[in-house]
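Participant: Got a file for you: my_file_2.txt, compact mmCIF, C-alpha atoms and all ligand atoms.
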# COMPACT_ATOMS: atom_id res chain seq x y z
CA MET A 1 26.63 98.12 -20.95
CA SER A 2 24.61 99.47 -23.81
CA LYS A 3 21.46 97.58 -24.80
CA TYR A 4 22.98 97.15 -28.25
CA VAL A 5 25.75 95.01 -26.74
CA LEU A 6 23.45 93.23 -24.29
CA ILE A 7 20.88 92.06 -26.84
CA PRO A 8 23.35 90.13 -29.05
CA LEU A 9 25.02 88.70 -25.91
CA VAL A 10 21.72 87.43 -24.51
CA PHE A 11 20.82 86.05 -27.91
CA PHE A 12 24.24 84.38 -28.16
CA CYS A 13 23.93 82.77 -24.70
CA ASN A 14 20.41 81.53 -25.38
CA PHE A 15 21.61 80.18 -28.67
CA CYS A 16 24.51 78.32 -27.02
CA PHE A 17 22.41 76.93 -24.16
CA GLY A 18 19.50 76.19 -26.50
CA GLN A 19 21.73 74.21 -28.82
CA SER A 20 23.35 72.39 -25.96
CA ARG A 21 20.04 71.54 -24.31
CA GLU A 22 18.53 70.37 -27.54
CA ALA A 23 21.56 68.19 -28.30
CA LEU A 24 21.50 66.73 -24.79
CA TRP A 25 17.78 65.89 -24.99
CA LYS A 26 18.48 64.15 -28.28
CA ARG A 27 21.25 62.08 -26.67
CA TYR A 28 18.87 61.34 -23.77
CA GLN A 29 16.23 60.02 -26.20
CA GLN A 30 18.93 57.82 -27.73
CA GLY A 31 19.67 56.35 -24.30
CA ASP A 32 23.16 57.85 -23.85
CA LEU A 33 22.48 58.46 -20.17
CA LYS A 34 26.09 58.49 -18.99
CA TYR A 35 27.05 61.11 -21.56
CA VAL A 36 23.97 63.22 -20.74
CA LEU A 37 24.71 63.14 -17.01
CA GLU A 38 28.36 64.13 -17.50
CA GLN A 39 27.56 66.97 -19.87
CA ALA A 40 24.43 68.28 -18.12
CA SER A 41 26.03 68.50 -14.68
CA GLN A 42 29.04 70.42 -16.13
CA SER A 43 26.84 72.72 -18.19
CA ALA A 44 26.80 76.45 -17.37
CA ASP A 45 23.01 76.34 -16.98
CA SER A 46 22.85 73.13 -14.97
CA GLY A 47 20.75 74.96 -12.35
CA ALA A 48 17.95 75.80 -14.81
CA ALA A 49 14.72 73.85 -14.29
CA GLU A 50 14.94 72.23 -17.71
CA MET A 51 18.47 70.94 -17.02
CA GLN A 52 17.47 69.78 -13.56
CA LEU A 53 14.64 67.85 -15.19
CA LEU A 54 17.03 66.31 -17.71
CA ILE A 55 19.45 65.24 -14.96
CA GLY A 56 16.59 63.92 -12.79
CA ARG A 57 15.15 61.89 -15.66
CA ALA A 58 18.55 60.51 -16.72
CA LEU A 59 19.30 59.48 -13.12
CA THR A 60 15.86 57.85 -12.78
CA ASP A 61 16.35 55.92 -16.03
CA SER A 62 19.78 54.81 -14.75
CA GLY A 63 18.15 53.38 -11.62
CA GLU A 64 19.72 56.09 -9.40
CA PHE A 65 16.43 56.96 -7.75
CA ASP A 66 17.79 58.48 -4.51
CA ARG A 67 20.10 60.79 -6.45
CA ALA A 68 17.32 61.77 -8.89
CA ILE A 69 14.85 62.89 -6.20
CA PRO A 70 16.44 66.28 -5.27
CA TYR A 71 16.68 67.33 -8.94
CA LEU A 72 13.05 66.42 -9.61
CA LYS A 73 11.88 68.14 -6.42
CA ASN A 74 13.70 71.29 -7.60
CA VAL A 75 11.80 71.17 -10.89
CA VAL A 76 8.43 70.74 -9.19
CA SER A 77 9.06 73.54 -6.68
CA ALA A 78 10.66 75.89 -9.24
CA ARG A 79 7.56 75.88 -11.43
CA PRO A 80 4.74 77.53 -9.45
CA SER A 81 2.26 77.16 -12.29
CA ILE A 82 1.58 73.90 -14.02
CA ASP A 83 3.54 73.43 -17.22
CA TYR A 84 5.10 70.51 -19.09
CA GLN A 85 8.34 70.64 -17.04
CA ARG A 86 6.49 70.43 -13.76
CA ALA A 87 4.22 67.67 -15.09
CA TRP A 88 7.23 65.57 -16.17
CA GLY A 89 8.94 66.35 -12.86
CA GLU A 90 5.91 65.02 -10.97
CA ALA A 91 5.68 61.91 -13.14
CA TYR A 92 9.36 61.02 -12.68
CA LEU A 93 9.25 61.87 -9.00
CA GLY A 94 6.29 59.46 -8.78
CA VAL A 95 8.49 56.75 -10.29
CA CYS A 96 11.32 57.47 -7.83
CA MET A 97 8.93 57.37 -4.88
CA PHE A 98 7.67 53.95 -5.95
CA ALA A 99 11.21 52.65 -6.43
CA THR A 100 12.29 53.90 -3.01
CA GLY A 101 9.27 52.41 -1.24
CA ASP A 102 6.85 55.35 -0.81
CA GLN A 103 3.88 53.97 -2.72
CA LYS A 104 1.43 56.48 -1.22
CA LEU A 105 3.31 59.54 -2.52
CA SER A 106 4.06 57.81 -5.80
CA ARG A 107 0.34 57.31 -6.40
CA ILE A 108 -0.48 60.95 -5.50
CA LEU A 109 2.16 62.34 -7.88
CA LEU A 110 1.19 60.11 -10.81
CA MET A 111 -2.51 60.89 -10.29
CA LYS A 112 -1.70 64.61 -10.14
CA CYS A 113 0.13 64.39 -13.43
CA ILE A 114 -2.82 62.62 -15.07
CA ASP A 115 -5.40 65.05 -13.62
CA GLU A 116 -3.42 68.11 -14.74
CA ASN A 117 -3.35 66.65 -18.27
CA ILE A 118 -0.64 69.01 -19.54
CA THR A 119 0.79 66.92 -22.38
CA PRO A 120 -0.64 63.65 -23.76
CA SER A 121 2.77 61.95 -23.64
CA CYS A 122 3.29 62.75 -19.95
CA SER A 123 -0.27 61.68 -19.03
CA LYS A 124 0.25 58.44 -20.97
CA PHE A 125 3.59 57.84 -19.20
CA ALA A 126 1.92 58.34 -15.79
CA ALA A 127 -1.13 56.20 -16.64
CA LYS A 128 1.11 53.35 -17.80
CA ARG A 129 3.06 53.43 -14.52
CA MET A 130 -0.15 53.58 -12.47
CA ALA A 131 -1.21 50.28 -14.06
CA LEU A 132 2.27 48.75 -13.82
CA PHE A 133 2.68 49.69 -10.14
CA GLY A 134 -0.73 48.27 -9.18
CA PHE A 135 -2.43 51.64 -8.46
CA THR A 136 -5.41 51.34 -10.82
CA PRO A 137 -8.85 50.20 -9.54
CA GLN A 138 -8.45 46.70 -11.02
CA TYR A 139 -5.99 45.87 -8.18
CA ARG A 140 -8.37 46.89 -5.40
CA ASP A 141 -9.19 43.32 -4.33
CA PHE A 142 -5.71 41.84 -4.76
CA ASP A 143 -4.39 40.04 -1.69
CA THR A 144 -1.04 41.54 -0.57
CA ARG A 145 1.60 39.40 1.17
CA THR A 146 5.05 40.60 2.21
CA SER A 147 7.64 37.88 2.61
CA GLY A 148 11.46 37.79 2.42
CA ASN A 149 12.63 39.63 -0.70
CA PHE A 150 9.09 40.08 -2.08
CA VAL A 151 5.80 41.87 -1.85
CA PHE A 152 3.25 39.59 -3.55
CA TYR A 153 -0.08 40.77 -4.96
CA PHE A 154 -2.46 37.90 -5.72
CA GLU A 155 -5.40 38.37 -8.04
CA PRO A 156 -8.57 37.12 -6.28
CA ARG A 157 -9.09 33.40 -6.92
CA ALA A 158 -5.55 33.04 -8.31
CA ILE A 159 -4.55 30.64 -5.55
CA ASN A 160 -5.95 29.32 -2.27
CA LYS A 161 -4.38 30.25 1.08
CA THR A 162 -2.73 26.84 1.63
CA ASP A 163 -1.00 26.86 -1.74
CA GLN A 164 0.13 30.47 -1.27
CA GLU A 165 2.79 29.35 1.22
CA THR A 166 4.33 26.86 -1.21
CA TYR A 167 4.13 29.38 -4.06
CA ILE A 168 5.88 32.06 -2.00
CA GLY A 169 8.50 29.61 -0.71
CA ARG A 170 9.40 28.46 -4.25
CA ARG A 171 9.88 32.02 -5.45
CA GLN A 172 12.10 32.82 -2.48
CA GLN A 173 14.19 29.71 -3.23
CA ALA A 174 14.37 30.80 -6.87
CA TYR A 175 15.49 34.28 -5.83
CA ASP A 176 18.23 32.83 -3.58
CA ALA A 177 19.51 30.51 -6.34
CA ILE A 178 19.48 33.25 -9.03
CA SER A 179 21.07 35.76 -6.68
CA ALA A 180 23.86 33.22 -6.00
CA PHE A 181 24.32 32.73 -9.77
CA PHE A 182 24.85 36.47 -10.34
CA GLY A 183 26.77 36.90 -7.09
CA ARG A 184 24.65 39.84 -5.96
CA LYS A 185 21.27 40.80 -4.54
CA LEU A 186 18.65 43.17 -5.90
CA LYS A 187 18.04 46.52 -4.22
CA GLY A 188 14.74 46.62 -2.32
CA LYS A 189 11.88 44.16 -2.49
CA ILE A 190 10.46 42.69 -5.68
CA ASN A 191 6.83 43.68 -6.34
CA TYR A 192 5.44 40.41 -7.72
CA PHE A 193 1.93 40.49 -9.24
CA SER A 194 0.39 37.03 -9.65
CA TRP A 195 -2.52 36.80 -12.08
CA ALA A 196 -5.02 33.93 -12.01
CA SER A 197 -4.40 33.00 -15.65
CA GLY A 198 -2.74 34.09 -18.88
CA SER A 199 -6.01 35.62 -20.06
CA SER A 200 -6.51 37.73 -16.91
CA LEU A 201 -2.86 38.85 -17.17
CA LYS A 202 -3.56 39.93 -20.76
CA GLU A 203 -6.78 41.68 -19.74
CA GLY A 204 -5.12 43.45 -16.80
CA THR A 205 -1.78 44.46 -18.32
CA GLY A 206 -2.26 44.19 -22.08
CA SER A 207 0.64 41.75 -22.31
CA ASN A 208 0.33 38.31 -23.90
CA SER A 209 2.73 36.78 -21.41
CA GLY A 210 4.39 37.48 -18.07
CA PHE A 211 7.05 40.18 -17.96
CA ALA A 212 9.57 41.83 -15.66
CA THR A 213 10.64 45.47 -15.50
CA PRO A 214 14.17 45.40 -14.04
CA GLU A 215 14.31 49.20 -13.63
CA TYR A 216 11.47 49.10 -11.08
CA GLY A 217 11.89 45.57 -9.68
CA ILE A 218 8.40 44.53 -10.83
CA VAL A 219 7.11 41.19 -12.11
CA HIS A 220 3.69 40.49 -13.61
CA ALA A 221 3.21 36.75 -14.06
CA ALA A 222 0.44 34.21 -14.56
CA ILE A 223 0.11 31.96 -11.53
CA ASN A 224 1.30 28.87 -13.43
CA GLN A 225 4.58 30.39 -14.65
CA THR A 226 7.90 28.92 -13.55
CA PRO A 227 9.27 30.36 -10.27
CA GLY A 228 12.49 31.79 -11.66
CA HIS A 229 11.98 33.02 -15.24
CA GLU A 230 10.81 36.59 -14.55
CA ILE A 231 13.00 36.92 -11.44
CA ALA A 232 16.06 36.14 -13.60
CA HIS A 233 15.08 38.99 -15.96
CA LEU A 234 15.18 41.42 -13.01
CA PHE A 235 18.93 40.85 -12.65
CA VAL A 236 19.71 41.95 -16.22
CA ARG A 237 19.89 45.71 -16.81
CA SER A 238 21.81 45.58 -20.09
CA ARG A 239 20.62 47.99 -22.78
CA ARG A 240 21.92 45.71 -25.51
CA LYS A 241 19.77 42.65 -25.18
CA SER A 242 19.53 39.71 -27.56
CA PRO A 243 16.34 37.63 -27.31
CA LEU A 244 18.44 34.46 -27.63
CA VAL A 245 20.77 35.33 -24.73
CA ASN A 246 18.21 37.08 -22.55
CA GLU A 247 15.37 34.58 -22.84
CA GLY A 248 17.82 31.67 -22.87
CA LEU A 249 19.23 32.83 -19.56
CA ALA A 250 15.74 33.20 -18.03
CA VAL A 251 14.84 29.67 -19.19
CA TYR A 252 18.14 28.30 -17.87
CA LEU A 253 17.44 29.93 -14.47
CA ASP A 254 13.68 29.24 -14.28
CA GLN A 255 14.28 26.62 -11.53
CA ASP A 256 11.79 24.29 -13.15
CA HIS A 257 13.35 22.57 -16.13
CA GLY A 258 14.78 19.17 -16.88
CA ASP A 259 17.07 18.37 -19.77
CA LEU A 260 16.76 21.48 -21.97
CA PHE A 261 18.65 20.03 -24.92
CA SER A 262 16.37 16.94 -25.17
CA GLN A 263 13.26 19.08 -24.75
CA ALA A 264 14.40 21.45 -27.49
CA LYS A 265 15.20 18.53 -29.81
CA GLN A 266 11.80 17.00 -29.12
CA LEU A 267 9.99 20.25 -29.99
CA LEU A 268 11.99 20.57 -33.19
CA SER A 269 11.09 17.05 -34.27
CA ASN A 270 7.37 17.66 -33.60
CA GLY A 271 6.96 21.24 -34.80
CA SER A 272 6.98 23.05 -38.12
CA GLN A 273 10.51 24.29 -37.43
CA THR A 274 13.04 21.57 -37.81
CA THR A 275 16.40 23.30 -37.95
CA VAL A 276 18.18 25.82 -35.76
CA ASN A 277 20.39 28.67 -36.93
CA ILE A 278 21.96 30.42 -33.94
CA HIS A 279 23.04 33.55 -35.85
CA GLU A 280 19.50 33.96 -37.14
CA MET A 281 18.00 33.43 -33.69
CA TRP A 282 20.39 35.87 -32.03
CA ASN A 283 18.27 38.93 -32.77
CA MET A 284 15.05 37.49 -34.19
CA ARG A 285 12.53 35.80 -31.96
CA ASP A 286 9.51 36.21 -34.23
CA SER A 287 10.70 33.92 -37.00
CA TYR A 288 10.57 30.92 -34.61
CA GLU A 289 7.71 29.26 -32.77
CA SER A 290 7.72 30.74 -29.28
CA LYS A 291 7.96 27.48 -27.30
CA THR A 292 10.73 26.13 -29.53
CA PHE A 293 12.64 29.41 -29.43
CA TYR A 294 12.65 29.47 -25.63
CA LYS A 295 13.81 25.86 -25.20
CA VAL A 296 16.54 26.13 -27.86
CA ALA A 297 17.71 29.43 -26.34
CA GLY A 298 17.82 27.82 -22.86
CA ALA A 299 19.76 24.82 -24.18
CA PHE A 300 22.25 27.08 -26.01
CA VAL A 301 22.84 29.24 -22.92
CA GLU A 302 23.38 26.09 -20.85
CA GLU A 303 25.94 24.93 -23.40
CA LEU A 304 27.82 28.27 -23.34
CA ILE A 305 28.01 28.15 -19.55
CA LYS A 306 29.03 24.47 -19.39
CA LYS A 307 31.69 24.76 -22.09
CA ALA A 308 33.15 28.21 -21.49
CA GLY A 309 32.23 29.02 -17.87
CA LYS A 310 29.90 31.36 -16.04
CA GLU A 311 32.30 34.31 -15.81
CA ARG A 312 32.63 34.69 -19.56
CA PHE A 313 28.89 34.25 -19.99
CA LEU A 314 28.16 37.02 -17.46
CA LYS A 315 30.30 39.35 -19.59
CA LEU A 316 28.10 38.49 -22.54
CA VAL A 317 24.98 39.25 -20.47
CA GLU A 318 26.24 42.83 -19.99
CA ASN A 319 26.47 43.40 -23.76
CA GLN A 320 24.59 40.75 -25.70
CA THR A 321 25.67 41.54 -29.26
CA LEU A 322 27.11 38.88 -31.59
CA GLU A 323 30.24 41.03 -31.92
CA ASN A 324 30.73 40.94 -28.17
CA ALA A 325 30.23 37.15 -28.12
CA GLU A 326 32.96 36.78 -30.74
CA LYS A 327 35.21 39.08 -28.72
CA ILE A 328 34.63 37.22 -25.44
CA TYR A 329 34.90 33.65 -26.74
CA GLY A 330 37.32 34.23 -29.67
CA SER A 331 37.54 31.33 -32.11
CA ASP A 332 35.78 29.05 -29.59
CA PHE A 333 32.51 30.84 -30.37
CA ALA A 334 32.21 29.64 -33.98
CA LYS A 335 33.14 26.11 -32.85
CA MET A 336 30.54 26.08 -30.05
CA VAL A 337 27.82 27.37 -32.41
CA THR A 338 28.62 24.83 -35.15
CA ASP A 339 28.83 21.98 -32.68
CA PHE A 340 25.48 22.93 -31.07
CA GLU A 341 23.73 23.32 -34.44
CA THR A 342 25.12 20.00 -35.74
CA ARG A 343 23.96 18.08 -32.69
CA ILE A 344 20.52 19.71 -32.38
CA ASN A 345 19.81 19.56 -36.12
CA SER A 346 20.77 15.88 -36.46
CA ILE A 347 17.85 13.45 -36.57
ZN ZN B 1 11.29 36.03 -20.59
Represent the structure of the file as structure tokens.
Facilitator:
Amino acid sequence: MSKYVLIPLVFFCNFCFGQSREALWKRYQQGDLKYVLEQASQSADSGAAEMQLLIGRALTDSGEFDRAIPYLKNVVSARPSIDYQRAWGEAYLGVCMFATGDQKLSRILLMKCIDENITPSCSKFAAKRMALFGFTPQYRDFDTRTSGNFVFYFEPRAINKTDQETYIGRRQQAYDAISAFFGRKLKGKINYFSWASGSSLKEGTGSNSGFATPEYGIVHAAINQTPGHEIAHLFVRSRRKSPLVNEGLAVYLDQDHGDLFSQAKQLLSNGSQTTVNIHEMWNMRDSYESKTFYKVAGAFVEELIKKAGKERFLKLVENQTLENAEKIYGSDFAKMVTDFETRINSI
């Protein structure tokens, strides 16, 4: 073939693949993981390191850690010199190793990525996971306890040895109850970091309150938090989350509440917020006082479950948009909302 034919052909192929790769990365950034995985694995250049990286990252983000590992290993071994693809491959492989229980290798890979310092975004990604996974020096003196479905990490002075047993037992009970509610168990053990106080949690993680990362099965919580709230969050992997539904569910399942409706009503009568608008609360947490928001959300979720059943509610958990609520509950939804608002807003 003459070089005059070959040059346009090569250019054309690069153009096609380039366009396709670029478009797929864009869809990946938008969170269309299923689409990316379908398209990337069928692509003519699916064996190229960049495509292997894309597939490995999309599988990792989908929680398919075992399936992601071979793709990410291919990327790391295919790039003999350090470049951004290898750095991202190492970082994501580090995540997969943590999720599949090899903490030692996870730490090595994330450290490597930080030391190589190829791109600021990759180094930042790795540093954030190092802190989240408990690999940074601040965790050196944490007391580790493995029990049942958990690995606990206690900040020094968070709790005495005698109370540890009760604390662990209550979280195991909470896990069992929440697991029965969802009708399934979580894969692997939960890594549960218990901080001595809200201020040490903030200092150590940068977060104002406890949090859960369902994709990695991790909880960071202050020692005085309820047993079930963050564990409940671990069971929800939906990408379309509403603060009202998601936090309401965690409050409902916190295994430490009394009459949510009365508590919510009490807070409303004492606070600066006196009325509840469910449509407004659906997607906006910030416009309400935090304590009030959580109790009202818990009471509303309890009402949905009591009046329309758990099965329908679990469908809403999967896709927490208002449109989906209207689809699932039909005309009952408007009635349930009006009835709840009338009762809670009455003096
Ligand atoms: Zn929460």
Participant: As an mmCIF file with C-alpha atoms, in the coordinates of the input, please: the residues near region 202-215 of chain A (cut-off 6 Å, all atoms listed in the file, same-chain neighbours under 4 positions excluded).
Facilitator:
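After the write, part_37.cif holds the following:
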data_model
loop_
_atom_site.group_PDB
_atom_site.id
_atom_site.type_symbol
_atom_site.label_atom_id
_atom_site.label_comp_id
_atom_site.auth_asym_id
_atom_site.auth_seq_id
_atom_site.Cartn_x
_atom_site.Cartn_y
_atom_site.Cartn_z
ATOM 1 C CA VAL A 219 7.110 41.190 -12.110
ATOM 2 C CA HIS A 220 3.690 40.490 -13.610
ATOM 3 C CA ALA A 221 3.210 36.750 -14.060
ATOM 4 C CA GLU A 230 10.810 36.590 -14.550
ATOM 5 C CA LEU A 234 15.180 41.420 -13.010
#
Participant: Please write out the residues within 10 Å of ligand ZN 1 (chain B) as a ChimeraX atom specification, counting all atoms listed in the file.
Facilitator: /A:209-212,228-233,243,246-251,254,294
Participant: Store the residues picked out above, limited to C-alpha atoms, as a short mmCIF file (atom, residue, chain, number, x, y, z; two decimals), keeping the file's coordinate frame.
Facilitator:
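And here is the file that came out, out-v3.cif:
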data_model
loop_
_atom_site.label_atom_id
_atom_site.label_comp_id
_atom_site.auth_asym_id
_atom_site.auth_seq_id
_atom_site.Cartn_x
_atom_site.Cartn_y
_atom_site.Cartn_z
CA SER A 209 2.73 36.78 -21.41
CA GLY A 210 4.39 37.48 -18.07
CA PHE A 211 7.05 40.18 -17.96
CA ALA A 212 9.57 41.83 -15.66
CA GLY A 228 12.49 31.79 -11.66
CA HIS A 229 11.98 33.02 -15.24
CA GLU A 230 10.81 36.59 -14.55
CA ILE A 231 13.00 36.92 -11.44
CA ALA A 232 16.06 36.14 -13.60
CA HIS A 233 15.08 38.99 -15.96
CA PRO A 243 16.34 37.63 -27.31
CA ASN A 246 18.21 37.08 -22.55
CA GLU A 247 15.37 34.58 -22.84
CA GLY A 248 17.82 31.67 -22.87
CA LEU A 249 19.23 32.83 -19.56
CA ALA A 250 15.74 33.20 -18.03
CA VAL A 251 14.84 29.67 -19.19
CA ASP A 254 13.68 29.24 -14.28
CA TYR A 294 12.65 29.47 -25.63
#
Participant: Pick out the closest residue to Gly31 (chain A) from this set: A:Ile159, A:Asn324, A:Ser238, A:Ile82. Count only C-alpha atoms.
Facilitator: A:Ser238
Participant: Using only C-alpha atoms, which residues sit within 12 Å of Asp259 (chain A) once same-chain residues fewer than 5 positions away are excluded, as a list in words?
Facilitator: Val251, Tyr252, Ala264, Lys265, Gln266, Lys295, Val296, Gly298, Ala299, Phe300, Glu302 and Glu303 of chain A
Participant: Just how far from CA of Asn345 (chain A) is CA of Val276 (chain A), in Å to one decimal?
Facilitator: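 CA of Asn345 (chain A) lies 6.5 Å from CA of Val276 (chain A).
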Participant: Given only C-alpha atoms as the basis, pick out the residue of A:Glu318, A:Glu155, A:Asp102, A:Glu38 nearest to Ser200 (chain A).
Facilitator: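 Closest to Ser200 (chain A), using only C-alpha atoms: A:Glu155.
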Participant: Report, in Å with one decimal, the straight-line distance from CA of Tyr139 (chain A) to CA of Asp66 (chain A).
Facilitator: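 Taking CA of Tyr139 (chain A) and CA of Asp66 (chain A), their separation equals 27.2 Å.
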Participant: Taking 2 positions as the minimum chain separation for residues in the same chain, which residues sit within 12 Å of Ser346 (chain A) when counting all atoms listed in the file? Answer as a ChimeraX atom specification.
Facilitator: /A:265-266,268-269,274-276,338-344
Participant: Tell me, as a list in words, which residues lie within 12 Å of Asp176 (chain A), counting only C-alpha atoms; anything in the same chain fewer than 6 positions away does not count.
Facilitator: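 Near neighbours after the sequence-gap exclusion: Gly148, Asn149, Phe150, Gly169, Arg170, Phe182, Gly183, Arg184, Lys185, Leu186, Pro227, Gly228, Ile231, Ala232, Leu253 and Gln255 of chain A.
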Participant: Taking all atoms listed in the file into account, name the residue in A:His257, A:Ser123, A:Phe135, A:Val75 that is nearest to Leu105 (chain A).
Facilitator: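 Result for the nearest residue to Leu105 (chain A): A:Phe135.
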Participant: Separation of CA of Leu59 (chain A) and CA of Ser179 (chain A), in Å?
Facilitator: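 So the two atoms, CA of Leu59 (chain A) and CA of Ser179 (chain A), lie 24.6 Å apart.
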Participant: Tell me which of A:Glu90, A:Asn191, A:Val36, A:Gly198 sits closest to Ala23 (chain A), counting only C-alpha atoms.
Facilitator: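 The answer is A:Val36, which sits nearest to Ala23 (chain A).
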